[in-house]
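S.K.: Dropping a structure here in structure tokens format, bear with me for questions.
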Amino acid sequence: MKKDGYTYLDGLLLNKDGNEAGSIVRGGYVSVYVNGVNRKMAHKIVWEMFNGTIPEGMEIDHINGNPADNRIENLQLLSHHQNTLRKNKSKGYSKKKNLTRPYQATKKHNYKQHFLGYFGTKCGAYMANRMFFIGT
């Protein structure tokens with residue numbers, strides 16, 4: 001898949017020489033030059049390669065919370081309000097002692113704490129927290 005002179009390969013944007021394009025900028029996002037002039041966020045380019053122009057008022061969210069992970073399956077289209085709800089300052093999990101699955105995932109919504117389950121890894125609990133969404 002190609003756009004703006006870049007080729008997509010497993011979440012990476014490759015330049016015409018086949019090298020990984022872009023650099024990490026503030027917040028951990030990948031930014032690239034488009035046509036050698038303007039900088040553009042890689043996740044937006046990847047989204048548009050597969051889905052077309054991002055509609056007005058919509059944003060691209062990294063499902064797993066890693067802003068450098070630009071695999072298309074890790075990107076989702078959300079309204080600004082939905083994206084703000086997902087960007088919870090809490091890590092979304094805590095560790096409990098003496099349990100086989102020690103990581104407890106939770107999500108706060110409308111001042112109410114929701115229990116999401118116990119997980120064997122931090123990553124599993126974190127992903128459960130990030131994937132949990134209550135429609136608005």
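Identifiers in this document derive from the order of the structure tokens: chains are assigned A, B, ..., residues are numbered from 1 separately in each chain, and ligands are numbered from 1 in order of occurrence.
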With a distance cut-off of 10 Å and only C-alpha atoms, select the neighbouring residues of Asn83 in chain A, excluding the residue or stretch itself and same-chain residues fewer than 4 positions from it, and output the selection as JSON, numbers by chain.

M.R.: {"A": [58, 59, 60, 61, 62, 76, 77, 78, 79, 87, 88]}

S.K.: Need the shell around Asp10 in chain A: protein/DNA/RNA residues with any atom at most 10 Å away, counting only C-alpha atoms. Skip same-chain ones fewer than 5 positions apart. Format as a PyMOL selection string?

M.R.: chain A and resi 69-73

S.K.: Would you output that residue set with C-alpha atoms, as a PDB file, in the first residue's frame?

M.R.:
ATOM      1  CA  ASP A  69       2.830   1.276  17.029  1.00  0.00           C
ATOM      2  CA  ASN A  70       1.262   2.232  13.702  1.00  0.00           C
ATOM      3  CA  ARG A  71      -0.013  -1.169  12.603  1.00  0.00           C
ATOM      4  CA  ILE A  72      -3.416  -0.655  10.988  1.00  0.00           C
ATOM      5  CA  GLU A  73      -4.999  -3.175  13.385  1.00  0.00           C
TER       6      GLU A  73
END

S.K.: Restricting the calculation to only C-alpha atoms, which member of A:Gly57, A:Gln104, A:His43, A:Gly18 is positioned closest to Asn74 in chain A?

M.R.: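 The closest residue to Asn74 in chain A is A:His43.
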
S.K.: Can you tell me how far CA of Phe50 in chain A sits from CA of Asn66 in chain A, in Å to one decimal?

M.R.: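 Value for the CA of Phe50 in chain A-CA of Asn66 in chain A distance: 19.7 Å.
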
S.K.: With a distance cut-off of 8 Å and only C-alpha atoms, select the neighbouring residues of range 111-128 of chain A, excluding the residue or stretch itself and same-chain residues fewer than 5 positions from it, and output the selection as a ChimeraX atom specification.

M.R.: /A:63-64,91-93,100-106

S.K.: Output the selection as a PDB file, in the first residue's frame - C-alpha atoms for each residue.

M.R.:
ATOM      1  CA  ILE A  63      -5.624   0.986  20.754  1.00  0.00           C
ATOM      2  CA  ASN A  64      -2.700  -0.393  22.770  1.00  0.00           C
ATOM      3  CA  LYS A  91      -2.472   2.995  33.984  1.00  0.00           C
ATOM      4  CA  GLY A  92      -5.726   1.023  34.327  1.00  0.00           C
ATOM      5  CA  TYR A  93      -4.432  -1.881  36.381  1.00  0.00           C
ATOM      6  CA  THR A 100      -2.052 -16.743  39.813  1.00  0.00           C
ATOM      7  CA  ARG A 101      -3.297 -13.833  37.671  1.00  0.00           C
ATOM      8  CA  PRO A 102      -2.072 -10.881  39.741  1.00  0.00           C
ATOM      9  CA  TYR A 103      -2.957  -7.920  37.480  1.00  0.00           C
ATOM     10  CA  GLN A 104      -6.422  -6.493  38.079  1.00  0.00           C
ATOM     11  CA  ALA A 105      -7.799  -4.309  35.285  1.00  0.00           C
ATOM     12  CA  THR A 106     -10.254  -1.521  36.020  1.00  0.00           C
TER      13      THR A 106
END

S.K.: Using only C-alpha atoms, which protein or nucleic acid residues come within 6 Å of Val32 in chain A? Drop anything in the same chain fewer than 2 positions from it, and give the result as a list in words.

M.R.: Gly22, Arg39 and Lys40 of chain A

S.K.: What is the CA of Ala42 in chain A-CA of Leu85 in chain A distance in Å, reported with one decimal?

M.R.: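 CA of Leu85 in chain A lies 22.8 Å from CA of Ala42 in chain A.
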
S.K.: For Arg26 in chain A, which residue among A:Leu13, A:Ala68, A:Lys95, A:Arg130 is the nearest when counting only C-alpha atoms?

M.R.: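 Comparing A:Leu13, A:Ala68, A:Lys95, A:Arg130 against Arg26 in chain A, the winner is A:Ala68.
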
S.K.: At what distance in Å, to one decimal, does CA of Pro67 in chain A lie from CA of Met49 in chain A?

M.R.: 17.7 Å

S.K.: From a backbone DSSP assignment, name each residue in range 9-88 of chain A labelled helix (DSSP H, G or I), as a PDB file with C-alpha atoms, in the first residue's frame.

M.R.:
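result37.pdb, written as the output of this step:
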ATOM      1  CA  ARG A  26       7.080  14.531  21.546  1.00  0.00           C
ATOM      2  CA  GLY A  27       4.660  12.066  23.054  1.00  0.00           C
ATOM      3  CA  GLY A  28       6.331   9.086  21.345  1.00  0.00           C
ATOM      4  CA  ALA A  42       2.696   8.452  10.558  1.00  0.00           C
ATOM      5  CA  HIS A  43      -0.460   7.023  12.144  1.00  0.00           C
ATOM      6  CA  LYS A  44      -2.583   9.445  10.124  1.00  0.00           C
ATOM      7  CA  ILE A  45      -0.849   8.465   6.890  1.00  0.00           C
ATOM      8  CA  VAL A  46      -1.342   4.755   7.664  1.00  0.00           C
ATOM      9  CA  TRP A  47      -5.025   5.274   8.496  1.00  0.00           C
ATOM     10  CA  GLU A  48      -5.596   7.195   5.268  1.00  0.00           C
ATOM     11  CA  MET A  49      -3.805   4.518   3.219  1.00  0.00           C
ATOM     12  CA  PHE A  50      -6.427   1.990   4.278  1.00  0.00           C
ATOM     13  CA  ASN A  51      -9.503   4.111   4.959  1.00  0.00           C
ATOM     14  CA  ILE A  72      -3.416  -0.655  10.988  1.00  0.00           C
ATOM     15  CA  GLU A  73      -4.999  -3.175  13.385  1.00  0.00           C
ATOM     16  CA  ASN A  74      -3.818  -0.974  16.291  1.00  0.00           C
ATOM     17  CA  HIS A  80     -12.467  13.808  20.107  1.00  0.00           C
ATOM     18  CA  HIS A  81     -14.830  13.085  23.006  1.00  0.00           C
ATOM     19  CA  GLN A  82     -14.369   9.307  22.708  1.00  0.00           C
ATOM     20  CA  ASN A  83     -10.601   9.701  22.447  1.00  0.00           C
ATOM     21  CA  THR A  84     -10.539  11.920  25.541  1.00  0.00           C
ATOM     22  CA  LEU A  85     -12.498   9.304  27.501  1.00  0.00           C
ATOM     23  CA  ARG A  86      -9.961   6.634  26.522  1.00  0.00           C
TER      24      ARG A  86
END

S.K.: Where does DSSP see strand (DSSP E or B) in chain A, if you list the residues as an NGL selection string?

M.R.: :A and (2-3 or 6-9 or 12-14 or 20 or 23-24 or 30-34 or 38-41 or 58-62 or 75-79 or 93-95 or 103-109 or 112-119)

S.K.: May I ask which of the residues A:Glu20, A:Val37, A:Val25, A:Ile54 is the closest one to Thr7 in chain A, counting only C-alpha atoms?

M.R.: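 Of A:Glu20, A:Val37, A:Val25, A:Ile54, the one nearest Thr7 in chain A is A:Glu20, counting only C-alpha atoms.
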